[in-house]
file target-v9.txt (compact mmCIF, C-alpha atoms)
# COMPACT_ATOMS: atom_id res chain seq x y z
CA MET A 11 -20.54 -20.04 13.12
CA ARG A 12 -19.31 -16.54 13.94
CA ARG A 13 -15.76 -17.76 14.16
CA ALA A 14 -16.19 -19.48 10.83
CA LEU A 15 -17.36 -16.16 9.35
CA LEU A 16 -14.38 -14.33 10.81
CA VAL A 17 -11.93 -16.97 9.55
CA LEU A 18 -13.56 -16.78 6.13
CA ALA A 19 -13.17 -13.00 6.08
CA LEU A 20 -9.50 -13.30 7.03
CA CYS A 21 -8.93 -15.93 4.32
CA VAL A 22 -10.48 -13.66 1.71
CA ALA A 23 -8.20 -10.81 2.84
CA ALA A 24 -5.12 -13.04 2.79
CA GLY A 25 -6.08 -14.38 -0.63
CA ALA A 26 -6.46 -10.86 -1.99
CA ALA A 27 -3.02 -9.95 -0.65
CA GLY A 28 -1.48 -13.11 -2.05
CA ALA A 29 -2.96 -12.48 -5.47
CA GLN A 30 -0.85 -9.32 -5.72
CA LEU A 31 2.43 -11.22 -5.45
CA PRO A 32 4.42 -11.09 -8.68
CA LYS A 33 4.44 -14.23 -10.74
CA SER A 34 5.72 -14.52 -14.27
CA LYS A 35 4.79 -18.15 -14.91
CA GLY A 36 1.37 -18.37 -16.46
CA ALA A 37 1.25 -14.56 -16.52
CA ARG A 38 -0.98 -12.80 -19.03
CA PRO A 39 -1.23 -11.62 -21.61
CA LEU A 40 0.71 -14.21 -23.57
CA TRP A 41 2.67 -13.08 -26.62
CA ALA A 42 0.08 -14.80 -28.81
CA GLU A 43 -2.67 -12.76 -27.16
CA LEU A 44 -1.20 -9.41 -28.27
CA THR A 45 -2.64 -7.68 -31.30
CA VAL A 46 -0.66 -7.91 -34.54
CA GLU A 47 0.18 -4.22 -34.19
CA GLN A 48 1.46 -4.70 -30.64
CA GLN A 49 3.51 -7.72 -31.70
CA HIS A 50 5.02 -5.70 -34.50
CA THR A 51 5.94 -2.81 -32.18
CA LEU A 52 7.26 -5.01 -29.39
CA ALA A 53 9.04 -7.49 -31.70
CA PRO A 54 12.46 -6.91 -30.06
CA LEU A 55 10.98 -8.25 -26.81
CA LYS A 56 9.45 -11.39 -28.28
CA ALA A 57 12.16 -13.76 -27.01
CA ASP A 58 11.97 -12.41 -23.44
CA TRP A 59 8.22 -11.81 -23.25
CA GLU A 60 7.35 -14.99 -21.35
CA SER A 61 9.86 -14.15 -18.60
CA LEU A 62 8.42 -10.68 -18.01
CA GLN A 63 6.25 -10.15 -14.97
CA PRO A 64 2.64 -9.02 -15.53
CA GLU A 65 3.20 -5.39 -14.56
CA ARG A 66 6.09 -5.10 -17.01
CA ARG A 67 4.00 -6.66 -19.75
CA ARG A 68 1.26 -4.10 -19.08
CA LYS A 69 3.82 -1.30 -19.19
CA TRP A 70 5.15 -2.43 -22.57
CA ILE A 71 1.61 -2.70 -23.92
CA GLY A 72 1.08 0.87 -22.69
CA ILE A 73 4.21 1.99 -24.56
CA ALA A 74 3.05 0.10 -27.67
CA LYS A 75 -0.22 2.07 -27.51
CA ARG A 76 1.72 5.36 -27.48
CA TYR A 77 3.96 4.20 -30.31
CA PRO A 78 1.79 5.24 -33.30
CA LYS A 79 1.70 8.82 -31.99
CA MET A 80 5.48 9.08 -31.76
CA LYS A 81 7.63 10.88 -34.32
CA PRO A 82 9.54 8.59 -36.72
CA GLN A 83 12.81 9.43 -34.99
CA GLU A 84 11.33 8.50 -31.61
CA GLN A 85 9.92 5.26 -33.00
CA GLU A 86 13.34 4.38 -34.32
CA ARG A 87 14.90 5.08 -30.90
CA VAL A 88 12.30 2.93 -29.14
CA GLN A 89 13.04 0.04 -31.49
CA ARG A 90 16.76 0.43 -30.92
CA ARG A 91 16.62 0.84 -27.13
CA MET A 92 13.83 -1.55 -26.19
CA GLN A 93 15.97 -4.64 -25.88
CA VAL A 94 18.81 -2.86 -24.08
CA TRP A 95 16.33 -1.46 -21.60
CA ALA A 96 14.60 -4.78 -20.97
CA LYS A 97 17.94 -6.51 -20.41
CA LEU A 98 19.04 -4.14 -17.66
CA THR A 99 18.81 -5.35 -14.07
CA PRO A 100 15.94 -3.94 -11.98
CA GLU A 101 18.52 -1.94 -10.02
CA GLN A 102 19.95 -0.39 -13.20
CA ARG A 103 16.47 0.54 -14.41
CA ARG A 104 15.70 2.08 -11.02
CA GLN A 105 18.95 4.06 -11.17
CA ALA A 106 18.28 5.25 -14.73
CA ARG A 107 14.75 6.39 -13.80
CA GLU A 108 16.04 8.26 -10.79
CA ASN A 109 18.71 10.01 -12.87
CA TYR A 110 16.12 10.79 -15.52
CA LYS A 111 13.84 12.38 -12.92
CA ARG A 112 16.70 14.57 -11.71
CA ILE A 113 17.81 15.57 -15.21
CA ALA A 114 14.20 16.25 -16.26
CA LYS A 115 14.05 18.98 -13.59
CA VAL A 116 16.36 21.27 -15.55
CA PRO A 117 14.56 24.07 -17.45
CA PRO A 118 13.35 23.07 -20.95
CA GLY A 119 15.82 25.46 -22.56
CA GLU A 120 18.71 23.71 -20.86
CA ARG A 121 17.36 20.27 -21.68
CA GLY A 122 18.04 20.81 -25.37
CA LYS A 123 21.73 21.04 -24.53
CA LEU A 124 21.83 17.60 -22.91
CA GLY A 125 22.68 15.84 -26.17
CA GLU A 126 25.49 18.33 -26.71
CA GLN A 127 26.77 17.83 -23.18
CA TRP A 128 26.72 14.05 -23.62
CA ALA A 129 28.82 14.45 -26.75
CA GLU A 130 31.22 16.77 -24.90
CA TYR A 131 31.48 14.30 -22.06
CA GLN A 132 32.23 11.44 -24.40
CA ALA A 133 34.90 13.54 -26.10
CA LEU A 134 36.76 13.94 -22.78
CA PRO A 135 40.02 12.00 -22.39
CA PRO A 136 39.43 8.64 -20.66
CA ASN A 137 41.34 9.65 -17.51
CA GLU A 138 39.17 12.75 -17.07
CA ARG A 139 36.05 10.68 -17.43
CA GLN A 140 37.40 8.25 -14.88
CA ASN A 141 38.03 11.11 -12.47
CA LEU A 142 34.38 12.03 -12.74
CA ALA A 143 33.32 8.54 -11.72
CA PRO A 144 35.71 7.29 -9.04
CA PRO A 145 35.26 3.61 -8.31
CA GLN A 146 32.56 3.20 -5.69
CA ALA A 147 33.56 1.96 -2.26
CA PRO A 148 32.60 -1.69 -1.84
CA ALA A 149 29.02 -1.54 -0.68
CA LYS A 150 29.02 -4.75 1.35
CA LYS A 151 31.75 -6.74 2.92
CA LYS A 152 31.68 -10.45 2.34
CA LYS A 153 30.70 -12.31 5.45
CA MET B 296 -33.39 18.16 62.96
CA ASN B 297 -29.96 17.19 61.82
CA GLU B 298 -28.89 13.81 60.47
CA TYR B 299 -27.59 12.61 63.82
CA GLN B 300 -30.83 13.47 65.63
CA PHE B 301 -32.87 11.78 62.88
CA GLY B 302 -30.77 8.61 63.15
CA ASP B 303 -31.15 8.69 66.89
CA LYS B 304 -34.91 8.96 66.59
CA ILE B 305 -35.09 5.95 64.22
CA ARG B 306 -32.87 3.94 66.57
CA HIS B 307 -35.22 4.83 69.43
CA ILE B 308 -38.32 3.69 67.45
CA LEU B 309 -36.62 0.46 66.36
CA ASN B 310 -35.57 -0.29 69.91
CA GLN B 311 -39.20 -0.14 70.92
CA GLY B 312 -39.90 -2.94 68.41
CA LEU B 313 -41.40 -2.65 64.93
CA SER B 314 -45.01 -3.64 64.73
CA LEU B 315 -46.26 -4.07 61.17
CA ASP B 316 -49.58 -5.43 60.10
CA SER B 317 -49.50 -8.43 57.74
CA ARG B 318 -50.43 -6.31 54.64
CA LYS B 319 -47.51 -3.95 55.10
CA ALA B 320 -45.19 -6.87 55.81
CA ALA B 321 -46.33 -8.65 52.63
CA ARG B 322 -45.78 -5.46 50.55
CA LEU B 323 -42.32 -5.02 51.99
CA GLN B 324 -41.52 -8.68 51.27
CA ALA B 325 -42.70 -8.37 47.67
CA ALA B 326 -40.72 -5.17 47.12
CA ARG B 327 -37.59 -6.79 48.49
CA GLU B 328 -37.97 -9.84 46.26
CA LEU B 329 -38.54 -7.66 43.22
CA ALA B 330 -35.43 -5.64 44.01
CA LEU B 331 -33.37 -8.81 44.47
CA ALA B 332 -34.64 -10.26 41.20
CA ARG B 333 -33.63 -7.11 39.31
CA LYS B 334 -30.20 -6.96 40.87
CA ARG B 335 -27.43 -8.16 38.55
CA PRO B 336 -25.22 -10.98 39.81
CA GLU B 337 -22.01 -9.72 41.41
CA PRO B 338 -19.05 -10.13 39.03
CA VAL B 339 -16.61 -12.61 40.49
CA GLY B 340 -12.96 -12.23 39.48
CA VAL B 341 -11.53 -10.95 36.17
CA LEU B 342 -12.84 -13.74 33.95
CA ALA B 343 -16.33 -13.47 35.31
CA SER B 344 -16.39 -9.69 34.92
CA ALA B 345 -15.04 -10.03 31.39
CA GLY B 346 -17.85 -12.46 30.70
CA VAL B 347 -20.38 -10.00 32.09
CA TRP B 348 -18.85 -7.20 30.00
CA ALA B 349 -18.91 -9.32 26.85
CA GLY B 350 -22.47 -10.31 27.63
CA ASN B 351 -23.45 -6.66 28.02
CA MET B 352 -21.72 -5.76 24.76
CA VAL B 353 -23.44 -8.56 22.91
CA GLY B 354 -26.70 -7.54 24.50
CA ASP B 355 -26.15 -3.92 23.44
CA PHE B 356 -25.49 -4.97 19.86
CA GLY B 357 -28.65 -7.02 19.71
CA GLY B 358 -27.22 -10.50 20.22
CA TRP B 359 -24.57 -12.42 18.33
CA THR B 360 -26.19 -11.85 14.94
CA GLY B 361 -26.12 -8.12 15.57
CA LEU B 362 -22.52 -8.40 16.66
CA SER B 363 -21.50 -10.24 13.49
CA LEU B 364 -23.14 -7.63 11.30
CA ARG B 365 -21.96 -4.60 13.23
CA LEU B 366 -18.42 -5.91 13.40
CA LEU B 367 -17.97 -7.74 10.10
CA VAL B 368 -19.56 -5.14 7.85
CA PRO B 369 -17.17 -2.34 8.93
CA ILE B 370 -14.22 -4.76 8.75
CA ALA B 371 -15.25 -5.81 5.25
CA MET B 372 -15.66 -2.17 4.22
CA LEU B 373 -12.28 -1.32 5.68
CA LEU B 374 -10.65 -4.18 3.76
CA ILE B 375 -12.36 -3.14 0.53
CA GLY B 376 -11.26 0.46 1.13
CA LEU B 377 -7.66 -0.56 1.78
CA GLY B 378 -7.70 -2.75 -1.31
CA ALA B 379 -8.99 0.14 -3.41
CA ILE B 380 -6.29 2.49 -2.09
CA TYR B 381 -3.61 -0.12 -2.74
CA THR B 382 -4.83 -0.73 -6.29
CA TRP B 383 -5.02 3.01 -6.98
CA GLN B 384 -1.46 3.51 -5.71
CA GLN B 385 -0.19 0.62 -7.82
CA ASN B 386 -1.89 2.10 -10.87
CA GLN B 387 -0.43 5.53 -10.18
CA ARG B 388 3.02 4.02 -9.85
CA ALA B 389 2.61 1.94 -12.99
CA ALA B 390 1.49 5.04 -14.93
CA GLU B 391 4.50 6.99 -13.67
CA VAL B 392 6.92 4.19 -14.61
CA GLU B 393 5.33 3.93 -18.07
CA GLU B 394 5.69 7.67 -18.60
CA ILE B 395 9.34 7.76 -17.49
CA ASP B 396 10.24 4.68 -19.52
CA THR B 397 8.64 6.20 -22.62
CA GLN B 398 10.74 9.34 -22.12
CA LEU B 399 13.87 7.26 -21.61
CA LEU B 400 13.20 5.22 -24.74
CA THR B 401 12.41 8.20 -26.97
CA GLY B 402 14.56 10.98 -25.49
CA ASP B 403 17.62 12.68 -26.99
CA LEU B 404 20.00 11.01 -24.57
CA PRO B 405 20.82 7.33 -24.94
CA ILE B 406 20.06 5.04 -22.00
CA ASP B 407 23.80 4.72 -21.31
CA ALA B 408 23.87 8.40 -20.39
CA TYR B 409 21.44 7.81 -17.52
CA LEU B 410 23.53 4.93 -16.22
CA ASP B 411 26.91 6.70 -16.52
CA ARG B 412 27.91 8.03 -13.11
CA GLY B 413 30.67 10.06 -14.71
CA PHE B 414 28.15 11.87 -16.92
CA GLN B 415 25.84 12.51 -13.95
CA ASN B 416 28.76 14.11 -12.10
CA TYR B 417 29.79 15.98 -15.26
CA LEU B 418 26.31 17.54 -15.45
CA LYS B 419 26.46 18.48 -11.77
CA THR B 420 29.86 20.12 -12.23
CA ARG B 421 28.63 22.03 -15.28
CA ALA B 422 25.54 23.19 -13.45
CA ALA B 423 27.68 24.37 -10.51
CA GLU B 424 29.98 26.31 -12.85
CA GLU B 425 27.14 28.20 -14.51

call {"tool": "encode", "arguments": {"input": "target-v9.txt", "output": "structure tokens"}}
result
Amino acid sequence: MRRALLVLALCVAAGAAGAQLPKSKGARPLWAELTVEQQHTLAPLKADWESLQPERRRKWIGIAKRYPKMKPQEQERVQRRMQVWAKLTPEQRRQARENYKRIAKVPPGERGKLGEQWAEYQALPPNERQNLAPPQAPAKKKK
Amino acid sequence: MNEYQFGDKIRHILNQGLSLDSRKAARLQAARELALARKRPEPVGVLASAGVWAGNMVGDFGGWTGLSLRLLVPIAMLLIGLGAIYTWQQNQRAAEVEEIDTQLLTGDLPIDAYLDRGFQNYLKTRAAEE
């Protein structure tokens, strides 16, 4: 009896842990369960929605909720970038977030110049740009 | 009278023979039996002593039912607590990711800029120059 209780407790704990594992099949909410407004905002993601894992779906719904409060220019950027962003590999997204966090540390006055600096960088001759990003050493040797 | 002398005196009396009346003998007998009955059995070997220890523990907790409650309730509370912390952390992380992604999607710089190693190095060089 006591052992049964203990086993039951352990099963409940294991079940709770297992429930946290990511699973995209049968994940909610389905595209059809979104509000019309959310569907309209997230339209660029419609084709990929069913392959998104639950936490990513929740994140996009969160962004869709912020959408009405954005400036028109920001809304236009979101529409344009949404698909590109969703198509990146998890590693690329992680890298972009990390770089964003570092860049976001610069003082607000400097941040305004970032667009300018991006334009300057793109105007550099190709060989100069290549010098700034030397090919990375092969990370792993093939076994 | 020191201890040695006292012991010597008792030995002397005992050597003379102990004469007790039947009442005193009966009282001594009863006291001995009572003491023996109260004495715990000697633990024999590791397993036996572990059994005695477990028995004492169970006894202290008020039997097996008490043990289940006193052990399972804290375990259950610990699990619930850990689950709550885990959920809170996940939520914090999700909120952070949502915030960063919103900034990335709406910001002045295109997403390519955050993925371009050359641009990251360009910014570092510029910052070092200033």

call {"tool": "closest_atom_pairs", "arguments": {"input": "target-v9.txt", "of": "chain A", "to": "chain B", "cutoff": "8 Å", "atoms": "only C-alpha atoms", "output": "CSV"}}
result
residue,atom,partner,partner_atom,distance
A:Arg12,CA,B:Ser363,CA,6.7
A:Leu16,CA,B:Leu367,CA,7.5
A:Ala19,CA,B:Ala371,CA,7.5
A:Ala23,CA,B:Leu374,CA,7.1
A:Glu65,CA,B:Ala389,CA,7.5
A:Lys69,CA,B:Glu393,CA,5.6
A:Trp70,CA,B:Glu393,CA,7.8
A:Gly72,CA,B:Glu393,CA,7.0
A:Ile73,CA,B:Thr397,CA,6.4
A:Glu84,CA,B:Thr401,CA,4.8
A:Gln85,CA,B:Thr401,CA,7.2
A:Arg87,CA,B:Thr401,CA,5.6
A:Val88,CA,B:Leu400,CA,5.0
A:Arg91,CA,B:Leu400,CA,6.0
A:Met92,CA,B:Leu400,CA,7.0
A:Trp95,CA,B:Ile406,CA,7.5
A:Gln102,CA,B:Leu410,CA,7.1
A:Gln105,CA,B:Leu410,CA,6.9
A:Ala106,CA,B:Tyr409,CA,4.9
A:Arg107,CA,B:Ile395,CA,6.7
A:Asn109,CA,B:Tyr409,CA,5.8
A:Tyr110,CA,B:Tyr409,CA,6.4
A:Lys111,CA,B:Ile395,CA,7.9
A:Leu124,CA,B:Leu404,CA,7.0
A:Gly125,CA,B:Leu404,CA,5.8
A:Gln127,CA,B:Leu418,CA,7.7
A:Trp128,CA,B:Ala408,CA,7.1
A:Tyr131,CA,B:Phe414,CA,6.6
A:Arg139,CA,B:Gly413,CA,6.1
A:Gln140,CA,B:Gly413,CA,7.0
A:Asn141,CA,B:Gly413,CA,7.8
A:Leu142,CA,B:Gly413,CA,4.6
A:Ala143,CA,B:Gly413,CA,4.3

call {"tool": "write_last_selection", "arguments": {"input": "target-v9.txt", "atoms": "C-alpha atoms", "output": "compact mmCIF listing (two decimals), in the coordinates of the input"}}
result
# COMPACT_ATOMS: atom_id res chain seq x y z
CA ARG A 12 -19.31 -16.54 13.94
CA LEU A 16 -14.38 -14.33 10.81
CA ALA A 19 -13.17 -13.00 6.08
CA ALA A 23 -8.20 -10.81 2.84
CA GLU A 65 3.20 -5.39 -14.56
CA LYS A 69 3.82 -1.30 -19.19
CA TRP A 70 5.15 -2.43 -22.57
CA GLY A 72 1.08 0.87 -22.69
CA ILE A 73 4.21 1.99 -24.56
CA GLU A 84 11.33 8.50 -31.61
CA GLN A 85 9.92 5.26 -33.00
CA ARG A 87 14.90 5.08 -30.90
CA VAL A 88 12.30 2.93 -29.14
CA ARG A 91 16.62 0.84 -27.13
CA MET A 92 13.83 -1.55 -26.19
CA TRP A 95 16.33 -1.46 -21.60
CA GLN A 102 19.95 -0.39 -13.20
CA GLN A 105 18.95 4.06 -11.17
CA ALA A 106 18.28 5.25 -14.73
CA ARG A 107 14.75 6.39 -13.80
CA ASN A 109 18.71 10.01 -12.87
CA TYR A 110 16.12 10.79 -15.52
CA LYS A 111 13.84 12.38 -12.92
CA LEU A 124 21.83 17.60 -22.91
CA GLY A 125 22.68 15.84 -26.17
CA GLN A 127 26.77 17.83 -23.18
CA TRP A 128 26.72 14.05 -23.62
CA TYR A 131 31.48 14.30 -22.06
CA ARG A 139 36.05 10.68 -17.43
CA GLN A 140 37.40 8.25 -14.88
CA ASN A 141 38.03 11.11 -12.47
CA LEU A 142 34.38 12.03 -12.74
CA ALA A 143 33.32 8.54 -11.72

call {"tool": "atom_distance", "arguments": {"input": "target-v9.txt", "atom1": "atom CA of A:Arg90", "atom2": "atom CA of A:Lys123"}}
result
22.1 Å

call {"tool": "atom_distance", "arguments": {"input": "target-v9.txt", "atom1": "atom CA of A:Lys56", "atom2": "atom CA of A:Gly36"}}
result
15.9 Å

call {"tool": "atom_distance", "arguments": {"input": "target-v9.txt", "atom1": "atom CA of B:Ser314", "atom2": "atom CA of B:Glu328"}}
result
20.7 Å
